[in-house]
$ cat model_19.tsv   # TSV, C-alpha atoms
chain	number	residue	atom	x	y	z
A	146	MET	CA	-22.42	70.46	-50.39
A	147	THR	CA	-24.26	70.08	-47.14
A	148	ASN	CA	-24.90	66.35	-47.07
A	149	LEU	CA	-22.20	63.75	-47.52
A	150	GLU	CA	-23.56	60.64	-49.14
A	151	PRO	CA	-21.80	57.25	-49.06
A	152	ASP	CA	-19.37	57.14	-52.01
A	153	ASN	CA	-17.10	54.21	-52.84
A	154	GLU	CA	-18.14	52.55	-49.59
A	155	ILE	CA	-16.94	55.54	-47.55
A	156	THR	CA	-19.74	56.55	-45.27
A	157	ARG	CA	-20.42	59.95	-43.78
A	158	ALA	CA	-19.33	58.61	-40.40
A	159	ASP	CA	-15.99	57.53	-41.92
A	160	LEU	CA	-15.45	60.97	-43.38
A	161	VAL	CA	-16.35	62.68	-40.12
A	162	GLN	CA	-13.92	60.35	-38.32
A	163	ARG	CA	-11.14	61.14	-40.80
A	164	VAL	CA	-11.70	64.88	-40.53
A	165	ALA	CA	-11.65	64.58	-36.74
A	166	LEU	CA	-8.37	62.64	-36.96
A	167	MET	CA	-6.80	65.27	-39.23
A	168	GLU	CA	-7.98	68.06	-36.96
A	169	SER	CA	-6.54	66.33	-33.92
A	170	MET	CA	-3.21	65.83	-35.76
A	171	ILE	CA	-3.08	69.54	-36.66
A	172	ALA	CA	-3.97	70.49	-33.07
A	173	GLU	CA	-1.20	68.19	-31.83
A	174	GLY	CA	1.28	69.87	-34.17
A	175	ARG	CA	0.28	73.33	-32.93
A	176	LYS	CA	0.54	72.13	-29.37
A	177	SER	CA	4.13	71.05	-29.92
A	178	THR	CA	4.94	74.44	-31.51
A	179	VAL	CA	3.51	76.42	-28.59
A	180	ARG	CA	5.38	74.13	-26.20
A	181	PHE	CA	8.59	75.40	-27.81
A	182	GLY	CA	7.49	79.05	-27.76
A	183	TRP	CA	10.31	79.86	-25.31
A	184	ILE	CA	12.88	79.10	-28.06
A	185	PHE	CA	11.56	82.04	-30.12
A	186	VAL	CA	11.80	84.34	-27.08
A	187	LEU	CA	15.30	83.05	-26.28
A	188	TRP	CA	16.68	83.59	-29.80
A	189	GLY	CA	14.96	86.97	-30.11
A	190	LEU	CA	16.71	88.16	-26.93
A	191	ILE	CA	20.03	86.59	-27.95
A	192	ASP	CA	19.98	88.25	-31.38
A	193	ILE	CA	19.04	91.65	-29.93
A	194	GLY	CA	21.91	91.18	-27.43
A	195	GLY	CA	24.27	90.39	-30.32
A	196	ILE	CA	23.17	93.48	-32.25
A	197	ALA	CA	23.64	95.69	-29.16
A	198	TRP	CA	27.11	94.22	-28.55
A	199	GLU	CA	28.13	94.73	-32.19
A	200	TYR	CA	26.77	98.29	-32.12
A	201	ARG	CA	28.86	99.10	-29.05
A	202	TRP	CA	32.07	97.34	-30.17
A	203	PRO	CA	31.91	97.24	-33.99
A	204	SER	CA	35.58	96.28	-34.36
A	205	PHE	CA	35.26	93.04	-32.36
A	206	ARG	CA	34.97	90.20	-34.93
A	207	TRP	CA	33.89	87.45	-32.55
A	208	VAL	CA	30.56	88.93	-31.46
A	209	TRP	CA	28.32	86.65	-33.52
A	210	PRO	CA	30.27	83.39	-33.09
A	211	ILE	CA	30.20	83.95	-29.29
A	212	VAL	CA	26.52	84.93	-29.31
A	213	MET	CA	25.52	81.90	-31.42
A	214	VAL	CA	27.47	79.43	-29.27
A	215	ALA	CA	26.01	80.99	-26.10
A	216	GLY	CA	22.51	80.71	-27.63
A	217	PHE	CA	22.91	77.01	-28.36
A	218	ALA	CA	24.40	76.37	-24.91
A	219	ILE	CA	21.47	78.10	-23.16
A	220	GLN	CA	18.95	76.28	-25.36
A	221	TYR	CA	20.61	72.95	-24.59
A	222	ALA	CA	20.64	73.71	-20.86
A	223	ILE	CA	16.92	74.61	-20.84
A	224	PHE	CA	16.14	71.42	-22.76
A	225	ALA	CA	18.07	69.40	-20.17
A	226	VAL	CA	16.21	71.05	-17.28
A	227	ARG	CA	12.81	70.56	-18.94
A	228	ARG	CA	13.62	66.93	-19.68
A	229	ARG	CA	14.07	66.34	-15.94
A	230	THR	CA	10.70	67.86	-15.12
A	231	SER	CA	7.58	65.72	-15.30
A	232	ARG	CA	6.30	67.51	-18.39
A	233	PRO	CA	7.35	65.84	-21.67
A	234	VAL	CA	9.50	67.99	-23.94
A	235	TYR	CA	8.61	66.27	-27.19
A	236	THR	CA	5.34	65.08	-28.64
A	237	ASN	CA	5.97	62.41	-31.20
A	238	SER	CA	3.12	62.86	-33.67
A	239	VAL	CA	3.66	62.93	-37.43
A	240	GLN	CA	2.78	66.66	-37.53
A	241	SER	CA	5.19	67.61	-34.78
A	242	ARG	CA	8.01	65.62	-36.39
A	243	SER	CA	7.42	67.55	-39.63
A	244	ILE	CA	7.53	70.86	-37.73
A	245	ALA	CA	10.70	69.73	-35.99
A	246	ALA	CA	12.18	68.94	-39.43
A	247	VAL	CA	11.28	72.44	-40.69
A	248	TRP	CA	12.88	74.28	-37.76
A	249	SER	CA	15.94	72.09	-37.34
A	250	MET	CA	16.77	72.35	-41.05
A	251	MET	CA	16.16	76.11	-40.99
A	252	GLY	CA	18.59	76.35	-38.07
A	253	LEU	CA	21.20	74.28	-39.88
A	254	THR	CA	20.79	76.31	-43.08
A	255	ALA	CA	21.16	79.64	-41.27
A	256	LEU	CA	24.12	78.36	-39.25
A	257	LEU	CA	26.02	77.19	-42.35
A	258	PHE	CA	25.21	80.39	-44.20
A	259	VAL	CA	26.24	82.69	-41.34
A	260	ALA	CA	29.40	80.69	-40.55
A	261	ALA	CA	30.57	80.71	-44.18
A	262	ALA	CA	29.82	84.44	-44.51
A	263	ILE	CA	31.67	85.27	-41.26
A	264	VAL	CA	34.75	83.32	-42.41
A	265	GLU	CA	34.93	85.37	-45.61
A	266	ASN	CA	33.70	88.69	-44.14
A	267	GLY	CA	30.61	88.57	-46.34
A	268	THR	CA	28.14	89.63	-43.66
A	269	GLY	CA	28.07	93.24	-44.90
A	270	GLN	CA	26.16	92.43	-48.10
A	271	ILE	CA	22.49	93.42	-48.32
A	272	ALA	CA	21.65	90.05	-49.89
A	273	PHE	CA	23.11	88.28	-46.85
A	274	VAL	CA	20.93	90.16	-44.34
A	275	SER	CA	17.84	89.77	-46.49
A	276	ALA	CA	18.46	86.03	-46.92
A	277	ILE	CA	18.50	85.43	-43.15
A	278	LEU	CA	15.09	87.11	-42.82
A	279	MET	CA	13.78	85.12	-45.80
A	280	PHE	CA	14.97	81.79	-44.28
A	281	VAL	CA	13.09	82.43	-41.02
A	282	GLY	CA	10.02	83.59	-42.96
A	283	MET	CA	10.14	80.44	-45.08
A	284	ALA	CA	10.21	78.22	-41.99
A	285	HIS	CA	7.28	80.13	-40.43
A	286	ALA	CA	5.30	79.96	-43.69
A	287	THR	CA	5.87	76.21	-44.14
A	288	SER	CA	4.95	75.55	-40.52
A	289	ALA	CA	1.86	77.77	-40.84
A	290	LEU	CA	0.72	75.90	-43.93
A	291	ILE	CA	1.21	72.49	-42.31
A	292	LEU	CA	-0.57	73.56	-39.10
A	293	ARG	CA	-3.12	75.78	-40.87
A	294	TRP	CA	-2.27	78.59	-38.44
A	295	PRO	CA	-3.06	82.15	-39.63
A	296	ALA	CA	-1.15	83.79	-36.73
A	297	GLN	CA	2.07	82.09	-37.80
A	298	ALA	CA	1.40	82.95	-41.44
A	299	ALA	CA	1.17	86.62	-40.41
A	300	VAL	CA	4.57	86.29	-38.72
A	301	ALA	CA	5.98	84.77	-41.96
A	302	VAL	CA	4.69	87.75	-43.92
A	303	LEU	CA	6.35	90.07	-41.40
A	304	TRP	CA	9.72	88.33	-41.89
A	305	TRP	CA	9.42	88.41	-45.67
A	306	ALA	CA	8.44	92.08	-45.59
A	307	GLY	CA	11.62	92.73	-43.60
A	308	GLY	CA	13.63	90.76	-46.18
A	309	ILE	CA	12.23	92.92	-48.99
A	310	ALA	CA	12.67	96.15	-47.02
A	311	THR	CA	16.42	95.55	-46.56
A	312	TYR	CA	16.80	95.72	-50.35
A	313	PHE	CA	14.83	98.93	-50.72
A	314	LEU	CA	15.91	100.91	-47.65
A	315	SER	CA	19.38	102.19	-46.83
A	316	TRP	CA	21.72	100.78	-44.17
A	317	GLU	CA	20.52	103.35	-41.62
A	318	TYR	CA	17.24	101.48	-41.40
A	319	PHE	CA	18.82	98.05	-41.12
A	320	LEU	CA	19.13	98.19	-37.34
A	321	SER	CA	15.47	99.17	-36.93
A	322	ILE	CA	14.33	96.41	-39.31
A	323	PHE	CA	16.39	93.76	-37.55
A	324	VAL	CA	15.38	94.78	-34.04
A	325	GLY	CA	11.73	95.12	-35.14
A	326	GLU	CA	11.77	91.61	-36.65
A	327	MET	CA	13.37	90.16	-33.55
A	328	PHE	CA	10.89	91.89	-31.27
A	329	PHE	CA	7.66	91.21	-33.18
A	330	GLY	CA	8.60	88.09	-35.19
A	331	MET	CA	10.48	86.31	-32.43
A	332	ILE	CA	9.80	87.60	-28.92
A	333	ALA	CA	6.14	88.63	-29.36
A	334	PHE	CA	5.29	85.43	-31.28
A	335	GLY	CA	7.16	83.35	-28.70
A	336	LEU	CA	5.27	85.02	-25.84
A	337	TYR	CA	1.99	84.46	-27.66
A	338	ALA	CA	2.88	80.77	-28.10
A	339	MET	CA	3.82	80.51	-24.41
A	340	TRP	CA	0.52	82.10	-23.43
A	341	LEU	CA	-1.34	79.57	-25.60
A	342	ASP	CA	0.67	76.75	-24.04
A	343	ARG	CA	-0.22	77.89	-20.52
A	344	ARG	CA	-3.89	78.24	-21.46
A	345	GLN	CA	-3.95	74.74	-22.96
A	346	GLU	CA	-2.31	73.37	-19.84
A	347	GLN	CA	-4.90	75.05	-17.63
A	348	ASP	CA	-7.73	73.77	-19.84
A	349	GLY	CA	-6.26	70.29	-19.65
A	350	ARG	CA	-6.09	70.45	-15.84
A	351	ALA	CA	-9.64	71.78	-15.62
A	352	SER	CA	-11.02	69.00	-17.80
A	353	ALA	CA	-9.06	66.40	-15.79
A	354	HIS	CA	-10.62	67.67	-12.56
A	355	ALA	CA	-14.13	67.74	-14.05
B	101	MET	CA	13.06	43.81	-27.55
B	102	THR	CA	12.29	41.27	-30.23
B	103	THR	CA	8.72	40.37	-29.43
B	104	LEU	CA	5.95	42.88	-29.03
B	105	GLN	CA	3.48	41.81	-26.40
B	106	PRO	CA	-0.10	43.07	-26.23
B	107	GLU	CA	-0.15	46.16	-24.02
B	108	ASP	CA	-3.08	48.50	-23.34
B	109	GLY	CA	-5.15	46.41	-25.74
B	110	ILE	CA	-2.74	47.01	-28.63
B	111	THR	CA	-1.71	43.73	-30.21
B	112	ARG	CA	1.42	42.95	-32.24
B	113	GLY	CA	-0.79	42.81	-35.32
B	114	ASP	CA	-2.08	46.34	-34.60
B	115	LEU	CA	1.45	47.67	-34.27
B	116	ILE	CA	2.57	46.00	-37.49
B	117	ARG	CA	-0.47	47.40	-39.30
B	118	ARG	CA	0.33	50.91	-37.99
B	119	LEU	CA	3.98	50.61	-39.05
B	120	ALA	CA	2.91	49.38	-42.46
B	121	LEU	CA	0.58	52.37	-42.78
B	122	MET	CA	3.36	54.78	-41.81
B	123	GLU	CA	5.77	53.16	-44.27
B	124	GLU	CA	3.13	53.33	-46.96
B	125	MET	CA	2.55	57.05	-46.25
B	126	ILE	CA	6.27	57.78	-46.50
B	127	ALA	CA	6.54	55.73	-49.72
B	128	GLU	CA	3.54	57.61	-51.07
B	129	GLY	CA	5.26	60.91	-50.28
B	130	ARG	CA	8.37	59.80	-52.19
B	131	ARG	CA	6.27	58.67	-55.12
B	132	TYR	CA	4.58	62.06	-55.08
B	133	THR	CA	8.01	63.71	-55.31
B	134	GLY	CA	8.79	61.40	-58.24
B	135	TYR	CA	5.48	62.29	-59.83
B	136	ASN	CA	6.47	65.96	-59.74
B	137	SER	CA	10.13	65.39	-60.60
B	138	TRP	CA	9.67	66.94	-64.05
B	139	ILE	CA	9.67	70.30	-62.23
B	140	PHE	CA	13.29	69.74	-61.14
B	141	VAL	CA	14.28	68.85	-64.71
B	142	LEU	CA	12.37	71.85	-66.08
B	143	TRP	CA	14.08	74.29	-63.71
B	144	GLY	CA	17.48	72.75	-64.39
B	145	VAL	CA	16.93	73.36	-68.12
B	146	VAL	CA	15.55	76.87	-67.49
B	147	ASP	CA	18.65	77.79	-65.48
B	148	LEU	CA	20.98	76.34	-68.11
B	149	VAL	CA	19.21	78.28	-70.87
B	150	ALA	CA	19.41	81.54	-68.89
B	151	MET	CA	23.10	81.05	-68.13
B	152	SER	CA	23.91	80.14	-71.74
B	153	TRP	CA	21.96	83.13	-73.03
B	154	GLN	CA	23.79	85.48	-70.69
B	155	TYR	CA	27.20	83.95	-71.50
B	156	TYR	CA	26.98	83.43	-75.27
B	157	PHE	CA	24.65	86.29	-76.24
B	158	PRO	CA	25.34	89.05	-73.70
B	159	HIS	CA	24.48	91.79	-76.22
B	160	PHE	CA	21.27	90.12	-77.33
B	161	GLY	CA	19.13	91.19	-74.37
B	162	GLY	CA	21.50	89.44	-71.94
B	163	ARG	CA	20.33	91.69	-69.12
B	164	TRP	CA	16.85	90.28	-69.49
B	165	ALA	CA	17.91	86.65	-69.72
B	166	TRP	CA	17.09	85.80	-66.08
B	167	PRO	CA	13.83	87.74	-65.72
B	168	ILE	CA	12.53	86.25	-69.01
B	169	CYS	CA	13.68	82.69	-68.28
B	170	LEU	CA	12.40	82.73	-64.69
B	171	THR	CA	9.01	84.02	-65.80
B	172	ALA	CA	8.88	81.39	-68.55
B	173	GLY	CA	9.85	78.70	-66.00
B	174	ALA	CA	7.09	79.79	-63.62
B	175	ILE	CA	4.49	79.81	-66.44
B	176	LEU	CA	5.60	76.37	-67.71
B	177	SER	CA	5.51	74.93	-64.16
B	178	PHE	CA	2.02	76.30	-63.62
B	179	ALA	CA	0.80	75.02	-67.02
B	180	GLY	CA	2.40	71.62	-66.41
B	181	LYS	CA	0.71	71.27	-63.02
B	182	MET	CA	-2.65	72.24	-64.52
B	183	LEU	CA	-2.21	69.65	-67.28
B	184	GLN	CA	-1.15	67.02	-64.78
B	185	ARG	CA	-4.21	67.67	-62.64
B	186	ARG	CA	-6.52	67.47	-65.63
B	187	ASN	CA	-5.02	64.32	-67.16
B	188	GLN	CA	-4.92	61.96	-64.21
B	189	GLY	CA	-6.16	62.13	-60.71
B	190	TYR	CA	-3.54	61.56	-58.05
B	191	SER	CA	-4.62	60.96	-54.52
B	192	LYS	CA	-2.51	62.86	-52.02
B	193	ASN	CA	-2.04	61.80	-48.45
B	194	ASP	CA	-0.92	63.96	-45.55
B	195	GLU	CA	2.75	63.28	-46.26
B	196	CYS	CA	2.35	64.64	-49.82
B	197	GLY	CA	0.58	67.71	-48.45
B	198	ARG	CA	3.46	68.48	-46.11
B	199	VAL	CA	6.08	68.02	-48.84
B	200	MET	CA	4.01	70.26	-51.09
B	201	SER	CA	3.89	72.93	-48.35
B	202	VAL	CA	7.70	72.86	-48.11
B	203	TRP	CA	8.28	73.30	-51.85
B	204	GLY	CA	5.43	75.76	-52.27
B	205	MET	CA	6.78	78.05	-49.55
B	206	MET	CA	10.32	77.69	-50.87
B	207	GLY	CA	9.08	78.79	-54.29
B	208	LEU	CA	7.25	81.77	-52.81
B	209	ALA	CA	10.18	82.84	-50.60
B	210	MET	CA	12.61	82.51	-53.46
B	211	GLY	CA	10.33	84.35	-55.88
B	212	ILE	CA	10.07	87.31	-53.48
B	213	TYR	CA	13.81	87.26	-52.73
B	214	ILE	CA	14.87	87.10	-56.41
B	215	ALA	CA	12.38	89.75	-57.52
B	216	ALA	CA	13.47	92.19	-54.78
B	217	ALA	CA	17.17	91.64	-55.59
B	218	MET	CA	16.63	92.09	-59.33
B	219	VAL	CA	14.54	95.24	-58.99
B	220	THR	CA	17.15	96.85	-56.72
B	221	ASN	CA	20.13	95.51	-58.77
B	222	PHE	CA	21.67	93.55	-55.93
B	223	ASP	CA	21.60	90.24	-57.80
B	224	TRP	CA	25.35	90.42	-58.46
B	225	GLN	CA	26.25	89.80	-54.81
B	226	TYR	CA	27.75	86.40	-53.91
B	227	SER	CA	25.51	86.19	-50.85
B	228	TYR	CA	22.51	86.39	-53.19
B	229	MET	CA	23.68	83.40	-55.23
B	230	ALA	CA	24.62	81.46	-52.09
B	231	ALA	CA	21.26	82.21	-50.43
B	232	ILE	CA	19.35	80.74	-53.38
B	233	LEU	CA	21.31	77.48	-53.13
B	234	MET	CA	20.79	77.50	-49.35
B	235	MET	CA	17.01	77.81	-49.80
B	236	ILE	CA	16.89	74.89	-52.26
B	237	GLY	CA	19.09	72.87	-49.88
B	238	MET	CA	16.79	73.70	-46.98
B	239	ALA	CA	13.69	72.53	-48.88
B	240	HIS	CA	15.45	69.31	-49.92
B	241	ALA	CA	16.60	68.72	-46.32
B	242	ILE	CA	13.13	69.23	-44.79
B	243	SER	CA	11.54	67.01	-47.42
B	244	ALA	CA	14.26	64.38	-46.89
B	245	MET	CA	13.57	64.36	-43.15
B	246	ILE	CA	9.82	64.07	-43.62
B	247	LEU	CA	10.16	61.29	-46.20
B	248	ARG	CA	13.22	59.68	-44.55
B	249	TRP	CA	14.92	59.74	-47.94
B	250	ARG	CA	18.72	59.59	-47.86
B	251	VAL	CA	19.21	60.43	-51.53
B	252	GLN	CA	17.31	63.67	-51.08
B	253	GLY	CA	19.32	64.37	-47.93
B	254	LEU	CA	22.44	64.00	-50.09
B	255	ALA	CA	21.01	66.47	-52.61
B	256	ALA	CA	20.48	68.94	-49.74
B	257	ALA	CA	24.09	68.50	-48.61
B	258	VAL	CA	25.34	69.12	-52.16
B	259	TYR	CA	23.33	72.37	-52.40
B	260	TRP	CA	24.59	73.56	-49.00
B	261	ALA	CA	28.17	72.68	-49.95
B	262	GLY	CA	27.74	74.73	-53.14
B	263	ALA	CA	26.47	77.74	-51.19
B	264	VAL	CA	29.32	77.53	-48.70
B	265	GLY	CA	31.74	77.17	-51.64
B	266	ILE	CA	30.41	80.37	-53.26
B	267	LEU	CA	30.91	82.32	-50.01
B	268	ILE	CA	34.35	80.85	-49.30
B	269	PHE	CA	35.86	81.15	-52.81
B	270	ASN	CA	34.30	84.57	-53.31
B	271	SER	CA	35.19	84.74	-57.01
B	272	ARG	CA	33.21	85.06	-60.20
B	273	GLY	CA	34.74	81.98	-61.84
B	274	ALA	CA	34.03	79.71	-58.88
B	275	THR	CA	30.49	81.07	-58.49
B	276	THR	CA	29.71	80.40	-62.18
B	277	ALA	CA	31.13	76.86	-62.02
B	278	ILE	CA	29.28	76.00	-58.80
B	279	TRP	CA	26.04	77.53	-60.06
B	280	LEU	CA	26.29	75.60	-63.34
B	281	PHE	CA	26.92	72.35	-61.49
B	282	GLU	CA	24.15	72.81	-58.91
B	283	MET	CA	21.40	74.30	-61.04
B	284	GLY	CA	22.15	72.35	-64.18
B	285	ILE	CA	23.53	68.96	-63.26
B	286	VAL	CA	22.30	68.31	-59.67
B	287	MET	CA	18.80	69.63	-60.37
B	288	ILE	CA	18.35	67.58	-63.54
B	289	VAL	CA	20.01	64.42	-62.19
B	290	PHE	CA	17.87	64.48	-59.03
B	291	GLY	CA	14.75	65.07	-61.14
B	292	LEU	CA	15.56	62.10	-63.37
B	293	TYR	CA	16.41	59.92	-60.39
B	294	ALA	CA	13.19	60.82	-58.55
B	295	ARG	CA	11.25	59.97	-61.70
B	296	LYS	CA	12.56	56.44	-61.44
B	297	VAL	CA	11.25	55.92	-57.93
B	298	GLU	CA	8.93	53.01	-58.53
B	299	PRO	CA	6.09	52.08	-56.23
B	300	LYS	CA	7.68	49.78	-53.71
B	301	GLY	CA	5.72	47.66	-51.31
B	302	SER	CA	6.07	47.95	-47.57
B	303	ARG	CA	8.77	45.77	-46.05
B	304	ILE	CA	6.43	45.01	-43.21
B	305	LYS	CA	3.51	44.03	-45.38
B	306	GLY	CA	4.83	40.48	-45.66
B	307	GLU	CA	4.32	40.03	-41.93
B	308	LEU	CA	0.65	40.88	-42.29
B	309	ALA	CA	0.01	37.99	-44.62
$ encode --input "model_19.tsv" --output "structure tokens"
Amino acid sequence: MTNLEPDNEITRADLVQRVALMESMIAEGRKSTVRFGWIFVLWGLIDIGGIAWEYRWPSFRWVWPIVMVAGFAIQYAIFAVRRRTSRPVYTNSVQSRSIAAVWSMMGLTALLFVAAAIVENGTGQIAFVSAILMFVGMAHATSALILRWPAQAAVAVLWWAGGIATYFLSWEYFLSIFVGEMFFGMIAFGLYAMWLDRRQEQDGRASAHA
Amino acid sequence: MTTLQPEDGITRGDLIRRLALMEEMIAEGRRYTGYNSWIFVLWGVVDLVAMSWQYYFPHFGGRWAWPICLTAGAILSFAGKMLQRRNQGYSKNDECGRVMSVWGMMGLAMGIYIAAAMVTNFDWQYSYMAAILMMIGMAHAISAMILRWRVQGLAAAVYWAGAVGILIFNSRGATTAIWLFEMGIVMIVFGLYARKVEPKGSRIKGELA
């Protein structure tokens, strides 16, 4: 279909306007995701730090509770600093609120799951490790579908592949899978998002000067 | 602030119209969930059948109860959706699309997770059972936040509580009881409740008149 004819009193101009509106909403949602790219980098580094700590002192039970609390404290501190700067932290579009819902609920789910497993020493089960990777993959996939973002969909596939691999490979490979996921699925994606954010900011400044 | 003054060319009427549109979109999203609520009921029944088969007829292909029932559930869901699409057109707004993304990706993630666990025989682990409830809770919670729907938020909390319960009690009896309650009763009751969500007008619409 190359030509859109008026149908039910909706003109071609109306349709073009609606498509433009949808595209701008999707772009706004992506913009808010890239603005939070640093959170992916932060949690990637924190989780790798936790793994290294646990590897060095495997008998210390409080590694992950300490690491998680430290992660939230740092995240909160960065939010507070950014809030003081002139640049807004949040964009309040419908798309970005949906993305915020996806990530905040993923965080809550993972937190409850990890906390309950730590209390009962259930963190050694394969299904537990795989589930964490699946949760993150699910959040990436949902976000990718809402924002129609192939790069994020690729990251979701990477997380899910890791989740499947934990079932099929032995424990010796677990460390490599986890570190690989954190590096490529968290830090690399976060850096990519931060790069996009910076580029958008520069484009915005250039168009403002023009 | 009780009165909204015109600012930047936006009048009070404009703001009310925008709010009404947003409310309508959210209500439409809830109605869309209600329109698809038969899927919750279907999966509740599928889970109950699989559990009953495994419990009452363990020697009659009990090992295959879950793979067969899950496959049947997936086929019935797919057929039901096809039928629904053919019978009546249902216009979807952006809100519906987002809710659909959440449930679609939950289904895909869970399908992959369950299949991998079953193939490798790790589906006996408590973490596996808890993770499934966590995923359903997560999808309910995201959808509840998008649609600003407290009842669905409650359903999410019940699923999360069940998952935490499985990990804390760490026993076969407790896991079976929690699983039966969550997958049978909560799933079906929420499905039936969502079905009853009637089209409700916007609370703000009256102000437009």
$ closest_residue --input "model_19.tsv" --among "A:Leu336, A:Met327, A:Val300, A:Ile191" --to "A:Val212" --atoms "all atoms listed in the file"
A:Ile191
$ closest_atom_pairs --input "model_19.tsv" --of "chain A" --to "chain B" --cutoff "9 Å" --atoms "all atoms listed in the file" --output "CSV"
residue,atom,partner,partner_atom,distance
A:Met167,CA,B:Asp194,CA,8.7
A:Val239,CA,B:Ile246,CA,8.8
A:Gln240,CA,B:Arg198,CA,8.8
A:Arg242,CA,B:Ile246,CA,7.6
A:Ser243,CA,B:Ile246,CA,5.8
A:Ala246,CA,B:Ile242,CA,5.5
A:Val247,CA,B:Ile242,CA,5.5
A:Trp248,CA,B:Ile242,CA,8.7
A:Ser249,CA,B:Ile242,CA,8.5
A:Met250,CA,B:Ile242,CA,6.1
A:Met251,CA,B:Met238,CA,6.5
A:Leu253,CA,B:Met238,CA,8.4
A:Thr254,CA,B:Met238,CA,6.2
A:Ala255,CA,B:Met234,CA,8.4
A:Leu257,CA,B:Val264,CA,7.2
A:Phe258,CA,B:Val264,CA,6.7
A:Ala260,CA,B:Val264,CA,8.7
A:Ala261,CA,B:Val264,CA,5.7
A:Ala262,CA,B:Leu267,CA,6.0
A:Val264,CA,B:Ile268,CA,7.3
A:Glu265,CA,B:Ile268,CA,5.9
A:Gly267,CA,B:Ser227,CA,7.2
A:Thr268,CA,B:Ser227,CA,8.4
A:Gln270,CA,B:Ser227,CA,6.9
A:Ile271,CA,B:Phe222,CA,7.7
A:Ala272,CA,B:Tyr228,CA,5.0
A:Phe273,CA,B:Ser227,CA,5.1
A:Val274,CA,B:Ser227,CA,8.9
A:Ser275,CA,B:Tyr213,CA,7.8
A:Ala276,CA,B:Ala231,CA,5.9
A:Ile277,CA,B:Ala231,CA,8.4
A:Met279,CA,B:Ala209,CA,6.4
A:Phe280,CA,B:Met235,CA,7.1
A:Gly282,CA,B:Ala209,CA,7.7
A:Met283,CA,B:Ala209,CA,6.0
A:Ala284,CA,B:Met205,CA,8.3
A:Ala286,CA,B:Met205,CA,6.3
A:Thr287,CA,B:Val202,CA,5.5
A:Ser288,CA,B:Ser201,CA,8.3
A:Leu290,CA,B:Ser201,CA,6.2
A:Ile291,CA,B:Arg198,CA,6.0
A:Trp305,CA,B:Ala209,CA,7.5
A:Gly308,CA,B:Tyr213,CA,7.4
A:Ile309,CA,B:Ala216,CA,6.0
A:Ala310,CA,B:Ala216,CA,8.7
A:Tyr312,CA,B:Thr220,CA,6.5
A:Phe313,CA,B:Thr220,CA,6.8
$ residues_around --input "model_19.tsv" --residues "B:Leu142" --least-positions-apart "3" --cutoff "8 Å" --atoms "only C-alpha atoms" --output "list in words"
Trp138, Ile139, Val145, Val146, Gly173, Ser177 and Ile288 of chain B
$ residues_around --input "model_19.tsv" --residues "A:Ala218" --least-positions-apart "6" --cutoff "12 Å" --atoms "only C-alpha atoms" --output "list in words"
Leu187, Trp188, Ile191, Ile211, Val212, Phe224 and Ala225 of chain A
$ atom_distance --input "model_19.tsv" --atom1 "atom CA of B:Ala274" --atom2 "atom CA of B:Ala294"
28.1 Å
$ build_atoms --input "model_19.tsv" --residues "stretch 272-282 of chain B" --atoms "N, CA and C atoms" --output "PDB file, in the frame of the given file"
ATOM      1  N   ARG B 272      34.212  85.190 -59.149  1.00  0.00           N
ATOM      2  CA  ARG B 272      33.210  85.060 -60.200  1.00  0.00           C
ATOM      3  C   ARG B 272      33.289  83.701 -60.894  1.00  0.00           C
ATOM      4  N   GLY B 273      34.541  83.264 -61.152  1.00  0.00           N
ATOM      5  CA  GLY B 273      34.740  81.980 -61.840  1.00  0.00           C
ATOM      6  C   GLY B 273      34.169  80.825 -61.036  1.00  0.00           C
ATOM      7  N   ALA B 274      34.500  80.804 -59.734  1.00  0.00           N
ATOM      8  CA  ALA B 274      34.030  79.710 -58.880  1.00  0.00           C
ATOM      9  C   ALA B 274      32.508  79.735 -58.758  1.00  0.00           C
ATOM     10  N   THR B 275      31.955  80.943 -58.627  1.00  0.00           N
ATOM     11  CA  THR B 275      30.490  81.070 -58.490  1.00  0.00           C
ATOM     12  C   THR B 275      29.800  80.518 -59.736  1.00  0.00           C
ATOM     13  N   THR B 276      30.322  80.881 -60.926  1.00  0.00           N
ATOM     14  CA  THR B 276      29.710  80.400 -62.180  1.00  0.00           C
ATOM     15  C   THR B 276      29.786  78.878 -62.254  1.00  0.00           C
ATOM     16  N   ALA B 277      30.963  78.319 -61.931  1.00  0.00           N
ATOM     17  CA  ALA B 277      31.130  76.860 -62.020  1.00  0.00           C
ATOM     18  C   ALA B 277      30.203  76.142 -61.053  1.00  0.00           C
ATOM     19  N   ILE B 278      30.140  76.642 -59.813  1.00  0.00           N
ATOM     20  CA  ILE B 278      29.280  76.000 -58.800  1.00  0.00           C
ATOM     21  C   ILE B 278      27.814  76.115 -59.211  1.00  0.00           C
ATOM     22  N   TRP B 279      27.438  77.292 -59.655  1.00  0.00           N
ATOM     23  CA  TRP B 279      26.040  77.530 -60.060  1.00  0.00           C
ATOM     24  C   TRP B 279      25.640  76.591 -61.203  1.00  0.00           C
ATOM     25  N   LEU B 280      26.546  76.477 -62.181  1.00  0.00           N
ATOM     26  CA  LEU B 280      26.290  75.600 -63.340  1.00  0.00           C
ATOM     27  C   LEU B 280      26.111  74.156 -62.884  1.00  0.00           C
ATOM     28  N   PHE B 281      26.971  73.726 -61.986  1.00  0.00           N
ATOM     29  CA  PHE B 281      26.920  72.350 -61.490  1.00  0.00           C
ATOM     30  C   PHE B 281      25.623  72.100 -60.706  1.00  0.00           C
ATOM     31  N   GLU B 282      25.308  73.017 -59.790  1.00  0.00           N
ATOM     32  CA  GLU B 282      24.150  72.810 -58.910  1.00  0.00           C
ATOM     33  C   GLU B 282      22.829  72.936 -59.668  1.00  0.00           C
TER      34      GLU B 282
END
